[in-house]
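Participant: Sharing a structure, written as structure tokens. Questions coming.
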Amino acid sequence: MQNKLNEINTQAALNASTALSKLTDSPVDIEISNVEIKKVEQLSPVISPEEIVAGIYLPVTGEVKGAALLIFPKETAFTFCDLLVKREPGTTRKLTELDESALKEVGNIISGSYFTVLANTLHVKITEHIPIFSFDMFGAILGQIVSKFAQEEERVIIIEVEFYFKPKTFRGYFLLLLEMEKLEAIMGPLES
Amino acid sequence: MDIEVKMGEIKGGRCGETLTASGVGSCLIITLFDPELKTGAMAHVMLPSRDRRRRTKDKGSLSDDLSSKAKRENNLAKEESERASNSAEAGDTKYTDTAIDEMLKRLEAQGSKRGRLEAKIVGGANMFTSFVSDIGRENVLSAKENLKEKDISIVGECVGGSQGRSVEFSVSSGIVSVKVKF
């Protein structure tokens, strides 16, 4: 069933990059950097725990349970907000409510692309919940989500996605955590 | 020398060393300091209790009829022995209660006396204010309960709120410094 998962990932990345390109009027590259099945506390992402980031948390429930977390390092978030709310480049130095909403919308678009493909391919119902925003240390934001999953589940499938905006060289990080038990019940065993 | 304590870990330190934890949200940092030996330990815990997780997981299968009572007691005894044999398992130190036990075991093995240990706790925030989560608060409550049970006094705390924190514990002085984003 690993193939099916790869197919979902590729299609979702394509949809998300098209949607993001439209939103920002600039080409966006999306790269699935890592797909792993492990205990959630073993997650070791590339961003330093003390780095200040904008984090958008998007929980999903239904026949597949999990969450998506979209992360923009501080400067990337500022540059991205210039683009989204059409300010002069380099003028965003603080995130307003409008910026938060814009970033949440980006979260909705990316996670929406992924979960729509997942739901359609697997013929399951997935309910997306409203995005929740936090602007703080990366470790603190991720830690709370990891703890929540560690409390409930033994194993999750972790999909790490990096995306690049061209010609500007800023990047974001998107993390998907899906509960293994339900996913395996639908797709069959994922580990060999 | 700086020693980093990651999520779910426990580390010990000696005079001259600094134990650090970066980006602490709902997790809780528990430091124990022995002012006489100038040694200490830091735990970076994620969840309040190992037993609580087990109970949550088993909730659906528990029934109250008498025939299952014996079976349940048998299972509990089995779980107890399992827990004892697993106590060195790395995963255990992600829970507040088992992490405190493990820190005490290590410090006492090095000659520390429980009565003179000083505890400090940092963290237990809720990073998503529009989202109801009790993990941080429960971590704090669990640590306070466990330390009280073991007669260890908490001499300093910086807990709750909705901000991430970075923590440094100097094992020479016992001083714990906390850094936030602004």
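By order in the structure tokens, chains are A, B, ...; within a chain, residues start at 1; ligands start at 1, following the order shown.
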Please report as an NGL selection string which residues of chain A come no farther than 9 Å from chain B, using only C-alpha atoms.

Facilitator: :A and (41 or 48-52 or 57 or 132-144 or 146-148 or 150-153)

Participant: Those same residues - C-alpha atoms - I'd like them written as a PDB file, in the first residue's frame.

Facilitator:
ATOM      1  CA  GLU A  41       8.168  11.473  20.115  1.00  0.00           C
ATOM      2  CA  SER A  48      15.989  24.521  15.825  1.00  0.00           C
ATOM      3  CA  PRO A  49      13.640  24.305  18.850  1.00  0.00           C
ATOM      4  CA  GLU A  50      14.373  27.883  19.900  1.00  0.00           C
ATOM      5  CA  GLU A  51      13.692  29.453  16.508  1.00  0.00           C
ATOM      6  CA  ILE A  52      10.677  31.784  16.472  1.00  0.00           C
ATOM      7  CA  TYR A  57      -2.197  23.757  13.571  1.00  0.00           C
ATOM      8  CA  ILE A 132      -5.245  27.481  15.233  1.00  0.00           C
ATOM      9  CA  PHE A 133      -2.402  29.974  15.197  1.00  0.00           C
ATOM     10  CA  SER A 134       0.660  30.403  17.416  1.00  0.00           C
ATOM     11  CA  PHE A 135       3.752  32.603  17.045  1.00  0.00           C
ATOM     12  CA  ASP A 136       6.507  31.369  19.342  1.00  0.00           C
ATOM     13  CA  MET A 137       9.445  28.977  19.687  1.00  0.00           C
ATOM     14  CA  PHE A 138       9.258  26.062  17.281  1.00  0.00           C
ATOM     15  CA  GLY A 139      10.023  23.466  19.954  1.00  0.00           C
ATOM     16  CA  ALA A 140       7.238  24.755  22.180  1.00  0.00           C
ATOM     17  CA  ILE A 141       4.649  24.624  19.386  1.00  0.00           C
ATOM     18  CA  LEU A 142       5.683  21.209  18.106  1.00  0.00           C
ATOM     19  CA  GLY A 143       6.073  19.834  21.646  1.00  0.00           C
ATOM     20  CA  GLN A 144       2.437  20.400  22.496  1.00  0.00           C
ATOM     21  CA  VAL A 146       3.697  15.740  19.867  1.00  0.00           C
ATOM     22  CA  SER A 147       2.510  15.371  23.483  1.00  0.00           C
ATOM     23  CA  LYS A 148      -1.110  15.293  22.386  1.00  0.00           C
ATOM     24  CA  ALA A 150       1.913  10.636  22.331  1.00  0.00           C
ATOM     25  CA  GLN A 151      -0.932  10.622  24.865  1.00  0.00           C
ATOM     26  CA  GLU A 152      -3.372   8.961  22.505  1.00  0.00           C
ATOM     27  CA  GLU A 153      -1.508   6.916  19.945  1.00  0.00           C
TER      28      GLU A 153
END

Participant: Could you write out, as a PyMOL selection string, all the residues of range 4-150 of chain A that DSSP marks as strand (DSSP E)?

Facilitator: chain A and resi 28-38+52-62+66-73+126-128+132-137

Participant: With N, CA, C and O atoms retained, could you export that selection as a short mmCIF file (atom, residue, chain, number, x, y, z; two decimals), in the first residue's frame?

Facilitator:
data_model
loop_
_atom_site.label_atom_id
_atom_site.label_comp_id
_atom_site.auth_asym_id
_atom_site.auth_seq_id
_atom_site.Cartn_x
_atom_site.Cartn_y
_atom_site.Cartn_z
N VAL A 28 5.52 28.02 -7.08
CA VAL A 28 5.82 27.39 -5.79
C VAL A 28 6.19 25.94 -6.03
O VAL A 28 5.50 25.22 -6.74
N ASP A 29 7.30 25.53 -5.47
CA ASP A 29 7.75 24.14 -5.58
C ASP A 29 7.45 23.42 -4.28
O ASP A 29 7.76 23.93 -3.20
N ILE A 30 6.88 22.24 -4.37
CA ILE A 30 6.62 21.48 -3.16
C ILE A 30 7.36 20.16 -3.22
O ILE A 30 7.34 19.48 -4.25
N GLU A 31 8.00 19.82 -2.14
CA GLU A 31 8.82 18.63 -2.13
C GLU A 31 8.48 17.80 -0.89
O GLU A 31 8.54 18.31 0.23
N ILE A 32 8.09 16.56 -1.11
CA ILE A 32 7.84 15.67 0.04
C ILE A 32 9.21 15.21 0.51
O ILE A 32 9.88 14.44 -0.18
N SER A 33 9.66 15.74 1.64
CA SER A 33 11.05 15.46 2.01
C SER A 33 11.22 14.17 2.79
O SER A 33 12.29 13.61 2.83
N ASN A 34 10.17 13.72 3.42
CA ASN A 34 10.35 12.58 4.30
C ASN A 34 9.00 11.93 4.62
O ASN A 34 8.06 12.63 4.97
N VAL A 35 8.90 10.62 4.49
CA VAL A 35 7.69 9.90 4.93
C VAL A 35 8.16 8.79 5.85
O VAL A 35 8.95 7.95 5.46
N GLU A 36 7.70 8.84 7.09
CA GLU A 36 8.17 7.84 8.05
C GLU A 36 7.05 7.37 8.94
O GLU A 36 6.13 8.12 9.23
N ILE A 37 7.15 6.13 9.38
CA ILE A 37 6.20 5.62 10.36
C ILE A 37 6.98 5.40 11.64
O ILE A 37 7.93 4.62 11.66
N LYS A 38 6.64 6.15 12.67
CA LYS A 38 7.36 5.94 13.93
C LYS A 38 6.57 6.50 15.09
O LYS A 38 5.50 7.07 14.91
N ILE A 52 12.04 31.25 16.42
CA ILE A 52 10.68 31.78 16.47
C ILE A 52 10.00 31.53 15.13
O ILE A 52 10.55 31.87 14.07
N VAL A 53 8.83 30.91 15.19
CA VAL A 53 8.12 30.56 13.96
C VAL A 53 6.64 30.91 14.09
O VAL A 53 6.12 31.08 15.20
N ALA A 54 5.99 31.02 12.92
CA ALA A 54 4.53 31.09 12.91
C ALA A 54 4.05 29.67 12.66
O ALA A 54 4.48 29.03 11.71
N GLY A 55 3.21 29.17 13.55
CA GLY A 55 2.73 27.79 13.43
C GLY A 55 1.23 27.76 13.26
O GLY A 55 0.51 28.45 13.98
N ILE A 56 0.76 27.01 12.27
CA ILE A 56 -0.67 26.87 12.06
C ILE A 56 -1.01 25.40 12.24
O ILE A 56 -0.51 24.55 11.51
N TYR A 57 -1.84 25.13 13.22
CA TYR A 57 -2.20 23.76 13.57
C TYR A 57 -3.59 23.45 13.04
O TYR A 57 -4.53 24.20 13.29
N LEU A 58 -3.70 22.36 12.28
CA LEU A 58 -4.99 22.02 11.65
C LEU A 58 -5.38 20.58 11.96
O LEU A 58 -4.90 19.65 11.29
N PRO A 59 -6.22 20.38 12.96
CA PRO A 59 -6.61 19.01 13.29
C PRO A 59 -7.66 18.45 12.32
O PRO A 59 -8.48 19.21 11.80
N VAL A 60 -7.62 17.15 12.08
CA VAL A 60 -8.67 16.50 11.30
C VAL A 60 -9.20 15.28 12.05
O VAL A 60 -8.46 14.62 12.77
N THR A 61 -10.50 15.04 11.89
CA THR A 61 -11.11 13.87 12.51
C THR A 61 -11.92 13.14 11.43
O THR A 61 -11.99 13.59 10.30
N GLY A 62 -12.55 12.05 11.82
CA GLY A 62 -13.34 11.28 10.87
C GLY A 62 -12.75 9.90 10.72
O GLY A 62 -12.17 9.36 11.66
N GLY A 66 -5.95 12.79 12.55
CA GLY A 66 -4.59 13.30 12.56
C GLY A 66 -4.56 14.81 12.62
O GLY A 66 -5.52 15.45 13.05
N ALA A 67 -3.45 15.37 12.19
CA ALA A 67 -3.31 16.82 12.20
C ALA A 67 -2.24 17.23 11.23
O ALA A 67 -1.36 16.45 10.87
N ALA A 68 -2.35 18.46 10.80
CA ALA A 68 -1.31 19.04 9.97
C ALA A 68 -0.75 20.23 10.73
O ALA A 68 -1.46 20.89 11.49
N LEU A 69 0.53 20.48 10.56
CA LEU A 69 1.16 21.64 11.17
C LEU A 69 1.98 22.35 10.11
O LEU A 69 2.86 21.76 9.49
N LEU A 70 1.64 23.61 9.89
CA LEU A 70 2.36 24.40 8.90
C LEU A 70 3.26 25.38 9.65
O LEU A 70 2.81 26.06 10.57
N ILE A 71 4.53 25.40 9.27
CA ILE A 71 5.51 26.22 9.99
C ILE A 71 6.21 27.18 9.04
O ILE A 71 6.73 26.77 8.00
N PHE A 72 6.23 28.46 9.39
CA PHE A 72 7.04 29.44 8.68
C PHE A 72 8.02 30.06 9.66
O PHE A 72 7.59 30.65 10.66
N PRO A 73 9.33 29.96 9.42
CA PRO A 73 10.27 30.70 10.27
C PRO A 73 9.89 32.19 10.23
O PRO A 73 9.33 32.66 9.23
N ILE A 126 -13.36 12.76 5.85
CA ILE A 126 -12.42 13.44 6.76
C ILE A 126 -12.98 14.83 7.04
O ILE A 126 -13.37 15.54 6.12
N THR A 127 -13.05 15.18 8.32
CA THR A 127 -13.53 16.52 8.66
C THR A 127 -12.35 17.38 9.08
O THR A 127 -11.62 17.04 10.02
N GLU A 128 -12.17 18.50 8.39
CA GLU A 128 -11.11 19.42 8.77
C GLU A 128 -11.66 20.44 9.76
O GLU A 128 -12.77 20.92 9.59
N ILE A 132 -5.60 26.78 13.99
CA ILE A 132 -5.25 27.48 15.23
C ILE A 132 -3.83 28.03 15.07
O ILE A 132 -2.94 27.32 14.59
N PHE A 133 -3.65 29.28 15.47
CA PHE A 133 -2.40 29.97 15.20
C PHE A 133 -1.56 30.17 16.46
O PHE A 133 -2.08 30.41 17.55
N SER A 134 -0.25 30.07 16.32
CA SER A 134 0.66 30.40 17.42
C SER A 134 1.95 30.97 16.84
O SER A 134 2.43 30.53 15.80
N PHE A 135 2.50 31.99 17.50
CA PHE A 135 3.75 32.60 17.05
C PHE A 135 4.72 32.54 18.21
O PHE A 135 4.63 33.34 19.15
N ASP A 136 5.61 31.57 18.19
CA ASP A 136 6.51 31.37 19.34
C ASP A 136 7.65 30.43 18.95
O ASP A 136 7.87 30.19 17.76
N MET A 137 8.32 29.88 19.97
CA MET A 137 9.45 28.98 19.69
C MET A 137 8.94 27.69 19.02
O MET A 137 7.94 27.12 19.46
#

Participant: Might you pull out every residue within 7 Å of Cys15 in chain B, with only C-alpha atoms counted and same-chain residues fewer than 3 positions away left off, and present them as a ChimeraX atom specification?

Facilitator: /B:38-39,171-172

Participant: Applying 7 Å and only C-alpha atoms, which residues near Asp2 in chain B remain after dropping the ones on its own chain fewer than 3 positions away? List them as a PyMOL selection string.

Facilitator: chain B and resi 17-20

Participant: Can you check which residues of chain A DSSP gives as helix (DSSP H, G or I) on the backbone and send them as a count of residues only?

Facilitator: 86

Participant: Between A:Val85, A:Met187, A:Val40, A:Ala19, single out the one closest to Thr121 in chain A, counting only C-alpha atoms.

Facilitator: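 Closest candidate: A:Met187.
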
Participant: Mind pulling up the distance from CA of Phe149 in chain A to CA of Ile121 in chain B?

Facilitator: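 Result for CA of Ile121 in chain B versus CA of Phe149 in chain A: 23.2 Å, one decimal.
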
Participant: Might you pull out every residue within 12 Å of Pro89 in chain A, with only C-alpha atoms counted and same-chain residues fewer than 2 positions away left off, and present them as a list in words?

Facilitator: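 Listed by chain and then number, they are Glu75, Thr76, Phe78, Thr79, Phe80, Cys81, Asp82, Leu83, Leu84, Val85, Lys86, Arg87, Thr91, Thr92, Arg93 and Lys168 of chain A.
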
Participant: Please dump the current selection as a PDB file, in the first residue's frame; keep N, CA and C atoms.

Facilitator:
ATOM      1  N   GLU A  75      11.129  35.233   9.698  1.00  0.00           N
ATOM      2  CA  GLU A  75      11.383  36.114   8.561  1.00  0.00           C
ATOM      3  C   GLU A  75      10.587  35.686   7.330  1.00  0.00           C
ATOM      4  N   THR A  76      10.460  34.358   7.162  1.00  0.00           N
ATOM      5  CA  THR A  76       9.672  33.845   6.040  1.00  0.00           C
ATOM      6  C   THR A  76       8.215  34.266   6.194  1.00  0.00           C
ATOM      7  N   PHE A  78       7.089  36.885   7.686  1.00  0.00           N
ATOM      8  CA  PHE A  78       6.990  38.313   7.371  1.00  0.00           C
ATOM      9  C   PHE A  78       6.992  38.542   5.851  1.00  0.00           C
ATOM     10  N   THR A  79       7.953  37.897   5.167  1.00  0.00           N
ATOM     11  CA  THR A  79       8.048  38.050   3.703  1.00  0.00           C
ATOM     12  C   THR A  79       6.765  37.556   3.035  1.00  0.00           C
ATOM     13  N   PHE A  80       6.270  36.449   3.541  1.00  0.00           N
ATOM     14  CA  PHE A  80       5.079  35.843   2.973  1.00  0.00           C
ATOM     15  C   PHE A  80       3.856  36.752   3.169  1.00  0.00           C
ATOM     16  N   CYS A  81       3.811  37.422   4.321  1.00  0.00           N
ATOM     17  CA  CYS A  81       2.686  38.327   4.586  1.00  0.00           C
ATOM     18  C   CYS A  81       2.757  39.564   3.682  1.00  0.00           C
ATOM     19  N   ASP A  82       3.973  40.055   3.395  1.00  0.00           N
ATOM     20  CA  ASP A  82       4.125  41.153   2.424  1.00  0.00           C
ATOM     21  C   ASP A  82       3.422  40.783   1.128  1.00  0.00           C
ATOM     22  N   LEU A  83       3.679  39.538   0.709  1.00  0.00           N
ATOM     23  CA  LEU A  83       3.158  39.036  -0.555  1.00  0.00           C
ATOM     24  C   LEU A  83       1.640  38.848  -0.492  1.00  0.00           C
ATOM     25  N   LEU A  84       1.171  38.275   0.607  1.00  0.00           N
ATOM     26  CA  LEU A  84      -0.254  37.934   0.720  1.00  0.00           C
ATOM     27  C   LEU A  84      -1.149  39.155   0.891  1.00  0.00           C
ATOM     28  N   VAL A  85      -0.718  40.097   1.723  1.00  0.00           N
ATOM     29  CA  VAL A  85      -1.585  41.259   1.951  1.00  0.00           C
ATOM     30  C   VAL A  85      -1.121  42.480   1.134  1.00  0.00           C
ATOM     31  N   LYS A  86      -0.254  42.185   0.172  1.00  0.00           N
ATOM     32  CA  LYS A  86       0.198  43.180  -0.812  1.00  0.00           C
ATOM     33  C   LYS A  86       0.798  44.431  -0.165  1.00  0.00           C
ATOM     34  N   ARG A  87       1.790  44.214   0.661  1.00  0.00           N
ATOM     35  CA  ARG A  87       2.549  45.334   1.232  1.00  0.00           C
ATOM     36  C   ARG A  87       3.853  45.469   0.461  1.00  0.00           C
ATOM     37  N   THR A  91       8.284  45.239   4.623  1.00  0.00           N
ATOM     38  CA  THR A  91       7.633  46.150   5.564  1.00  0.00           C
ATOM     39  C   THR A  91       6.957  45.437   6.742  1.00  0.00           C
ATOM     40  N   THR A  92       6.622  44.165   6.589  1.00  0.00           N
ATOM     41  CA  THR A  92       5.989  43.461   7.718  1.00  0.00           C
ATOM     42  C   THR A  92       7.042  43.167   8.783  1.00  0.00           C
ATOM     43  N   ARG A  93       6.861  43.718   9.995  1.00  0.00           N
ATOM     44  CA  ARG A  93       7.793  43.430  11.089  1.00  0.00           C
ATOM     45  C   ARG A  93       7.062  42.841  12.287  1.00  0.00           C
ATOM     46  N   LYS A 168      11.741  34.081  -5.139  1.00  0.00           N
ATOM     47  CA  LYS A 168      12.233  34.354  -3.784  1.00  0.00           C
ATOM     48  C   LYS A 168      12.620  33.024  -3.163  1.00  0.00           C
TER      49      LYS A 168
END

Participant: If you measure from CA of Glu118 in chain B to CA of Val178 in chain B, what distance in Å do you get, rounded to one decimal?

Facilitator: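 Value for the CA of Glu118 in chain B-CA of Val178 in chain B distance: 17.1 Å.
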
Participant: Provide the CA of Thr31 in chain B to CA of Lys120 in chain B distance in Å, to one decimal place.

Facilitator: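 Pair CA of Thr31 in chain B / CA of Lys120 in chain B returns 5.2 Å.
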